[in-house]
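**Q** Below you'll find final04.cif; it's mmCIF, C-alpha atoms.
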```
data_query
#
loop_
_atom_site.label_atom_id
_atom_site.label_comp_id
_atom_site.auth_asym_id
_atom_site.auth_seq_id
_atom_site.Cartn_x
_atom_site.Cartn_y
_atom_site.Cartn_z
CA MET A 727 31.12 -23.36 21.37
CA LYS A 728 30.28 -20.02 19.66
CA THR A 729 26.75 -20.25 21.03
CA ARG A 730 28.05 -20.73 24.58
CA ILE A 731 30.45 -17.79 24.22
CA ALA A 732 27.67 -15.58 22.91
CA ALA A 733 25.37 -16.61 25.74
CA SER A 734 28.05 -15.83 28.31
CA ALA A 735 28.66 -12.44 26.72
CA LEU A 736 24.96 -11.62 26.87
CA ALA A 737 24.79 -12.72 30.48
CA LEU A 738 27.77 -10.53 31.36
CA ALA A 739 26.15 -7.57 29.60
CA ALA A 740 22.95 -8.18 31.53
CA THR A 741 24.94 -8.38 34.76
CA THR A 742 26.59 -5.04 34.12
CA ALA A 743 23.36 -3.40 32.99
CA ALA A 744 21.49 -4.46 36.10
CA ALA A 745 24.07 -3.07 38.50
CA GLN A 746 22.55 -0.87 41.21
CA ASP A 747 19.61 0.45 39.16
CA PRO A 748 16.41 -1.65 39.12
CA ALA A 749 15.14 0.33 36.12
CA ARG A 750 17.92 -1.12 34.01
CA THR A 751 16.42 -4.58 34.36
CA LEU A 752 13.68 -3.49 31.92
CA PRO A 753 14.53 -4.72 28.41
CA ASP A 754 14.62 -2.13 25.61
CA ALA A 755 11.94 -4.13 23.82
CA VAL A 756 9.35 -2.97 26.35
CA GLY A 757 9.67 0.65 25.24
CA GLN A 758 9.68 -0.37 21.59
CA VAL A 759 6.49 -2.42 21.86
CA ALA A 760 4.60 -1.03 24.87
CA PRO A 761 5.71 2.52 25.71
CA ALA A 762 2.86 2.97 28.19
CA LEU A 763 4.08 -0.11 30.09
CA GLU A 764 7.57 1.36 30.11
CA ALA A 765 6.17 4.60 31.58
CA TYR A 766 4.30 2.71 34.32
CA ALA A 767 7.47 0.78 35.10
CA GLU A 768 9.65 3.87 35.29
CA GLU A 769 7.22 6.01 37.28
CA ASN A 770 5.46 3.51 39.53
CA LEU A 771 7.53 0.35 39.81
CA PHE A 772 11.05 1.74 39.73
CA GLY A 773 10.27 5.32 40.77
CA SER A 774 8.05 4.46 43.73
CA VAL A 775 7.95 0.81 44.76
CA TRP A 776 11.66 0.00 44.55
CA THR A 777 12.54 3.23 46.36
CA ASP A 778 10.10 2.69 49.24
CA GLU A 779 12.24 2.29 52.36
CA ALA A 780 9.58 0.16 54.10
CA LEU A 781 11.46 -2.80 52.61
CA SER A 782 15.20 -2.64 51.97
CA LEU A 783 16.61 -2.79 48.46
CA ARG A 784 18.40 -5.97 49.49
CA ASP A 785 15.14 -7.63 50.56
CA ARG A 786 13.40 -6.46 47.39
CA GLY A 787 16.11 -8.09 45.31
CA LEU A 788 15.72 -11.36 47.19
CA VAL A 789 11.89 -11.27 47.04
CA THR A 790 11.89 -10.52 43.31
CA PHE A 791 14.31 -13.33 42.60
CA ALA A 792 12.11 -15.74 44.59
CA ALA A 793 8.98 -14.64 42.73
CA LEU A 794 10.54 -14.90 39.27
CA MET A 795 12.04 -18.30 40.10
CA THR A 796 8.65 -19.52 41.27
CA ARG A 797 7.01 -18.28 38.07
CA HIS A 798 9.76 -19.89 35.93
CA GLU A 799 10.53 -16.54 34.30
CA THR A 800 13.99 -17.67 33.31
CA GLU A 801 14.71 -14.90 30.80
CA GLU A 802 14.45 -12.35 33.61
CA LEU A 803 16.35 -14.23 36.29
CA GLY A 804 19.92 -13.40 35.27
CA ARG A 805 19.28 -9.67 35.45
CA PHE A 806 17.70 -10.00 38.88
CA VAL A 807 20.47 -12.25 40.21
CA ALA A 808 22.85 -9.42 39.32
CA LEU A 809 20.59 -6.84 40.89
CA ALA A 810 20.22 -8.88 44.10
CA LEU A 811 23.99 -9.28 44.36
CA ASP A 812 24.51 -5.55 43.88
CA ALA A 813 21.89 -4.87 46.55
CA GLY A 814 23.78 -6.92 49.13
CA VAL A 815 22.48 -10.47 48.73
CA THR A 816 25.46 -12.82 48.79
CA PRO A 817 26.12 -15.59 46.27
CA ALA A 818 25.66 -18.08 49.13
CA GLU A 819 22.21 -16.63 49.85
CA ILE A 820 21.19 -16.86 46.19
CA SER A 821 22.44 -20.45 46.11
CA GLU A 822 20.60 -21.36 49.31
CA THR A 823 17.41 -19.67 48.10
CA ILE A 824 17.46 -21.85 45.00
CA THR A 825 17.98 -24.96 47.15
CA HIS A 826 15.25 -23.95 49.58
CA LEU A 827 12.66 -23.06 46.95
CA ALA A 828 13.21 -26.33 45.11
CA PHE A 829 11.07 -27.82 47.88
CA TYR A 830 8.39 -25.14 47.60
CA THR A 831 8.24 -24.48 43.84
CA GLY A 832 9.58 -27.72 42.33
CA TRP A 833 12.87 -29.11 41.11
CA GLY A 834 12.39 -27.81 37.56
CA ASN A 835 12.15 -24.23 38.73
CA ALA A 836 15.25 -24.66 40.88
CA THR A 837 17.22 -26.19 38.01
CA ALA A 838 16.21 -23.35 35.69
CA ALA A 839 17.17 -20.79 38.32
CA ALA A 840 20.59 -22.40 38.76
CA GLU A 841 21.13 -22.30 34.99
CA ALA A 842 20.17 -18.61 34.92
CA ALA A 843 22.43 -17.73 37.84
CA ALA A 844 25.47 -19.70 36.63
CA PRO A 845 26.68 -17.19 33.97
CA VAL A 846 26.30 -14.31 36.42
CA PHE A 847 28.29 -16.18 39.07
CA GLU A 848 30.95 -17.03 36.50
CA ALA A 849 31.21 -13.43 35.29
CA ARG A 850 31.66 -12.24 38.87
CA GLY A 851 34.21 -14.87 39.80
CA VAL A 852 32.03 -16.69 42.31
CA SER A 853 33.75 -19.94 43.27
CA ALA A 854 32.74 -23.07 45.13
CA GLU A 855 34.24 -21.59 48.29
CA ASP A 856 31.66 -18.80 48.13
CA LEU A 857 28.73 -21.23 48.18
CA PRO A 858 27.03 -23.06 51.06
CA ALA A 859 28.52 -26.33 52.17
CA VAL A 860 26.57 -29.47 51.38
CA GLU A 861 27.03 -30.62 54.98
CA ALA A 862 26.72 -27.84 57.54
CA ASP A 863 26.30 -27.43 61.27
CA LEU A 864 22.55 -26.96 61.59
CA LEU A 865 20.89 -24.21 63.60
CA PRO A 866 19.22 -25.17 66.89
CA LEU A 867 15.75 -26.69 66.59
CA ASP A 868 12.79 -25.55 68.66
CA GLU A 869 11.84 -29.09 69.68
CA GLU A 870 8.55 -28.12 71.31
CA ALA A 871 7.30 -26.13 68.31
CA GLU A 872 8.42 -28.83 65.88
CA ALA A 873 6.74 -31.56 67.92
CA ALA A 874 3.47 -29.60 67.87
CA ARG A 875 3.74 -28.99 64.12
CA GLN A 876 4.53 -32.64 63.45
CA GLU A 877 1.69 -33.88 65.65
CA ASN A 878 -0.76 -31.69 63.74
CA VAL A 879 0.48 -32.85 60.33
CA GLN A 880 0.61 -36.49 61.41
CA GLY A 881 -2.93 -36.36 62.76
CA ASN A 882 -4.35 -34.69 59.66
CA TYR A 883 -2.42 -36.43 56.90
CA GLY A 884 -0.74 -39.57 58.21
CA ASP A 885 -3.46 -41.73 56.69
CA VAL A 886 -3.19 -39.86 53.38
CA SER A 887 0.56 -40.04 52.71
CA GLN A 888 2.92 -41.06 55.48
CA GLY A 889 5.81 -40.45 53.08
CA VAL A 890 4.91 -36.77 52.75
CA VAL A 891 4.50 -36.47 56.51
CA ASP A 892 7.87 -38.12 57.20
CA ASN A 893 9.77 -36.14 54.56
CA THR A 894 8.22 -32.89 55.75
CA GLU A 895 9.57 -33.58 59.22
CA GLN A 896 12.95 -35.11 58.44
CA VAL A 897 14.00 -33.33 55.23
CA LEU A 898 12.33 -29.93 55.54
CA PHE A 899 11.97 -28.96 59.18
CA ARG A 900 14.79 -30.99 60.74
CA ASP A 901 17.26 -30.26 57.96
CA LEU A 902 16.52 -27.71 55.21
CA TRP A 903 15.03 -25.06 57.50
CA LEU A 904 18.02 -25.36 59.86
CA ARG A 905 20.73 -24.79 57.27
CA PRO A 906 22.72 -21.69 58.29
CA ALA A 907 23.43 -20.20 54.84
CA LEU A 908 20.15 -18.30 54.86
CA GLU A 909 18.95 -16.49 57.96
CA PRO A 910 15.62 -17.84 59.31
CA ARG A 911 13.94 -14.48 58.55
CA ASP A 912 15.13 -14.59 54.94
CA ARG A 913 14.21 -18.24 54.53
CA SER A 914 10.70 -17.37 55.67
CA LEU A 915 10.66 -14.24 53.49
CA VAL A 916 11.40 -16.12 50.26
CA THR A 917 8.94 -18.87 51.19
CA VAL A 918 6.09 -16.39 51.64
CA ALA A 919 7.07 -14.59 48.43
CA ALA A 920 7.04 -17.90 46.56
CA LEU A 921 3.62 -18.86 47.94
CA ILE A 922 2.19 -15.52 46.83
CA ALA A 923 3.80 -15.76 43.39
CA ALA A 924 2.47 -19.32 43.00
CA GLY A 925 -1.05 -18.27 43.94
CA GLN A 926 -1.10 -20.51 47.05
CA PRO A 927 -2.39 -18.20 49.81
CA GLU A 928 -3.89 -21.16 51.68
CA GLN A 929 -0.33 -22.06 52.70
CA MET A 930 0.54 -18.56 53.87
CA THR A 931 -0.81 -18.45 57.41
CA PHE A 932 1.82 -20.75 58.89
CA HIS A 933 4.70 -19.28 56.91
CA LEU A 934 3.81 -15.60 57.38
CA ASN A 935 3.50 -16.17 61.11
CA ARG A 936 6.84 -17.96 61.04
CA ALA A 937 8.36 -15.07 59.06
CA MET A 938 7.16 -12.57 61.67
CA ASP A 939 8.36 -14.82 64.49
CA ASN A 940 11.73 -14.77 62.72
CA GLY A 941 11.85 -10.96 62.63
CA LEU A 942 9.85 -9.77 59.61
CA SER A 943 7.84 -6.72 60.64
CA GLN A 944 4.23 -6.05 59.64
CA GLU A 945 5.41 -2.99 57.72
CA GLU A 946 7.91 -5.11 55.79
CA ALA A 947 5.28 -7.77 55.08
CA GLY A 948 2.90 -5.13 53.75
CA ALA A 949 5.65 -3.65 51.57
CA MET A 950 6.41 -7.11 50.21
CA LEU A 951 2.78 -7.48 49.13
CA SER A 952 2.90 -4.12 47.37
CA HIS A 953 6.16 -5.10 45.66
CA LEU A 954 4.89 -8.48 44.52
CA ALA A 955 1.77 -6.99 42.96
CA TYR A 956 4.02 -5.92 40.08
CA TYR A 957 5.88 -9.22 39.73
CA ALA A 958 3.15 -11.77 40.51
CA GLY A 959 0.12 -9.71 39.48
CA TRP A 960 -2.66 -7.99 41.37
CA PRO A 961 -5.00 -11.04 41.50
CA ARG A 962 -2.44 -13.19 43.33
CA VAL A 963 -1.67 -10.42 45.78
CA PHE A 964 -5.34 -9.73 46.45
CA SER A 965 -5.82 -13.45 47.09
CA ALA A 966 -3.03 -13.19 49.66
CA MET A 967 -4.27 -9.98 51.31
CA PRO A 968 -7.05 -11.57 53.43
CA VAL A 969 -4.58 -14.12 54.79
CA ALA A 970 -2.11 -11.37 55.67
CA ARG A 971 -4.85 -9.32 57.32
CA ASP A 972 -5.91 -12.29 59.47
CA VAL A 973 -2.32 -12.96 60.51
CA PHE A 974 -1.78 -9.31 61.44
CA GLU A 975 -5.03 -9.11 63.40
CA ASN A 976 -4.45 -12.36 65.27
CA ARG A 977 -0.94 -11.31 66.26
CA ALA A 978 -2.27 -7.99 67.54
CA ASP A 979 -4.69 -9.71 69.94
#
```
Would you encode the structure as structure tokens?
**A**
Amino acid sequence: MKTRIAASALALAATTAAAQDPARTLPDAVGQVAPALEAYAEENLFGSVWTDEALSLRDRGLVTFAALMTRHETEELGRFVALALDAGVTPAEISETITHLAFYTGWGNATAAAEAAAPVFEARGVSAEDLPAVEADLLPLDEEAEAARQENVQGNYGDVSQGVVDNTEQVLFRDLWLRPALEPRDRSLVTVAALIAAGQPEQMTFHLNRAMDNGLSQEEAGAMLSHLAYYAGWPRVFSAMPVARDVFENRAD
């Protein structure tokens, strides 16, 4: 019991510390052990990247949460849940992001993210009424686009795993992607962020195009790449850059 109380107290402290200021998500230990890293964080990450208006603070909070969840960086997640909430992401959107990314990063990552978010939700008085309904009225489906996507997947992979093909259609694109608790643009945004953070740029073409179809601008996509360089690492972002360039160029034609 004492351990649980202490953990909740720490989570509440982290929640308060993270409020409004991204720089306050940096643990004190960083300055104690790596002062040069702290200086880079303060000057470049927090002083430049987080303040760049090419991507809103709200979107940066959501993208960072998606990246850290994907990378299973559970010690960081609570602070960034608090930051995302302060930046305008709703508890329902955090909840739905966890549900959505379970399918793209794995159930273990989603479970860990839920455990990290729970003390923050509790400290802020988030109740079940604030969270997405299990059963919801789904958004309209673009039947023509979905039929084309399904035909392509069926033709390429039906003889490899019909179960994957069927679940991709029925569970993901005819259910998960149509849930209303996360706007289609944001659902695409966190999916692309997760693919970059996971080092899976080969999956990006479809999802970045979908993100831009759903309203993500090229400027915002470029700013997301710059942001994620700090949270996923330069190599993963540079692996994603050629894919982004091809998407941008093809859409300009």
**Q** Using the chain letters and numbers from this file, what does the PyMOL selection byres ((chain A and resi 895) around 12) select? Give the answer as a list in words.
**A**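 Selected by the PyMOL selection byres ((chain A and resi 895) around 12) in this file: Leu867, Glu869, Ala871, Glu872, Ala873, Ala874, Arg875, Gln876, Glu877, Asn878, Val879, Gln880, Gly884, Gln888, Gly889, Val890, Val891, Asp892, Asn893, Thr894, Gln896, Val897, Leu898, Phe899, Arg900, Asp901, Leu902, Trp903 and Leu904 of chain A.
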**Q** Go ahead and dump the residues you just picked, C-alpha atoms, as an mmCIF file, in the coordinates of the input.
**A**
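This went into selection18.cif:
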```
data_model
loop_
_atom_site.group_PDB
_atom_site.id
_atom_site.type_symbol
_atom_site.label_atom_id
_atom_site.label_comp_id
_atom_site.auth_asym_id
_atom_site.auth_seq_id
_atom_site.Cartn_x
_atom_site.Cartn_y
_atom_site.Cartn_z
ATOM 1 C CA LEU A 867 15.750 -26.690 66.590
ATOM 2 C CA GLU A 869 11.840 -29.090 69.680
ATOM 3 C CA ALA A 871 7.300 -26.130 68.310
ATOM 4 C CA GLU A 872 8.420 -28.830 65.880
ATOM 5 C CA ALA A 873 6.740 -31.560 67.920
ATOM 6 C CA ALA A 874 3.470 -29.600 67.870
ATOM 7 C CA ARG A 875 3.740 -28.990 64.120
ATOM 8 C CA GLN A 876 4.530 -32.640 63.450
ATOM 9 C CA GLU A 877 1.690 -33.880 65.650
ATOM 10 C CA ASN A 878 -0.760 -31.690 63.740
ATOM 11 C CA VAL A 879 0.480 -32.850 60.330
ATOM 12 C CA GLN A 880 0.610 -36.490 61.410
ATOM 13 C CA GLY A 884 -0.740 -39.570 58.210
ATOM 14 C CA GLN A 888 2.920 -41.060 55.480
ATOM 15 C CA GLY A 889 5.810 -40.450 53.080
ATOM 16 C CA VAL A 890 4.910 -36.770 52.750
ATOM 17 C CA VAL A 891 4.500 -36.470 56.510
ATOM 18 C CA ASP A 892 7.870 -38.120 57.200
ATOM 19 C CA ASN A 893 9.770 -36.140 54.560
ATOM 20 C CA THR A 894 8.220 -32.890 55.750
ATOM 21 C CA GLN A 896 12.950 -35.110 58.440
ATOM 22 C CA VAL A 897 14.000 -33.330 55.230
ATOM 23 C CA LEU A 898 12.330 -29.930 55.540
ATOM 24 C CA PHE A 899 11.970 -28.960 59.180
ATOM 25 C CA ARG A 900 14.790 -30.990 60.740
ATOM 26 C CA ASP A 901 17.260 -30.260 57.960
ATOM 27 C CA LEU A 902 16.520 -27.710 55.210
ATOM 28 C CA TRP A 903 15.030 -25.060 57.500
ATOM 29 C CA LEU A 904 18.020 -25.360 59.860
#
```
**Q** Just checking: using only C-alpha atoms, which residue out of A:Leu857, A:Met967, A:Ala813, A:Leu951 ends up closest to Ala907 of chain A?
**A** A:Leu857
**Q** Pull out every residue that the PyMOL selection byres ((chain A and resi 927) around 12) matches in the shown coordinates and put them as a PyMOL selection string.
**A** chain A and resi 917-926+928-934+951+961-973
**Q** So, counting all atoms listed in the file, which residue among A:Val759, A:Ser774, A:Leu908, A:Glu861 is closest to Ser821 of chain A?
**A**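 Residue with the minimum atom-to-atom distance to Ser821 of chain A: A:Leu908.
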**Q** Would you kindly translate the PyMOL selection byres ((chain A and resi 768) around 12) into the concrete residues it picks from this file, as a list in words?
**A**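 With the PyMOL selection byres ((chain A and resi 768) around 12) on this model, the match is Asp747, Pro748, Ala749, Arg750, Thr751, Leu752, Val756, Gly757, Pro761, Ala762, Leu763, Glu764, Ala765, Tyr766, Ala767, Glu769, Asn770, Leu771, Phe772, Gly773, Ser774, Val775, Trp776 and Thr777 of chain A.
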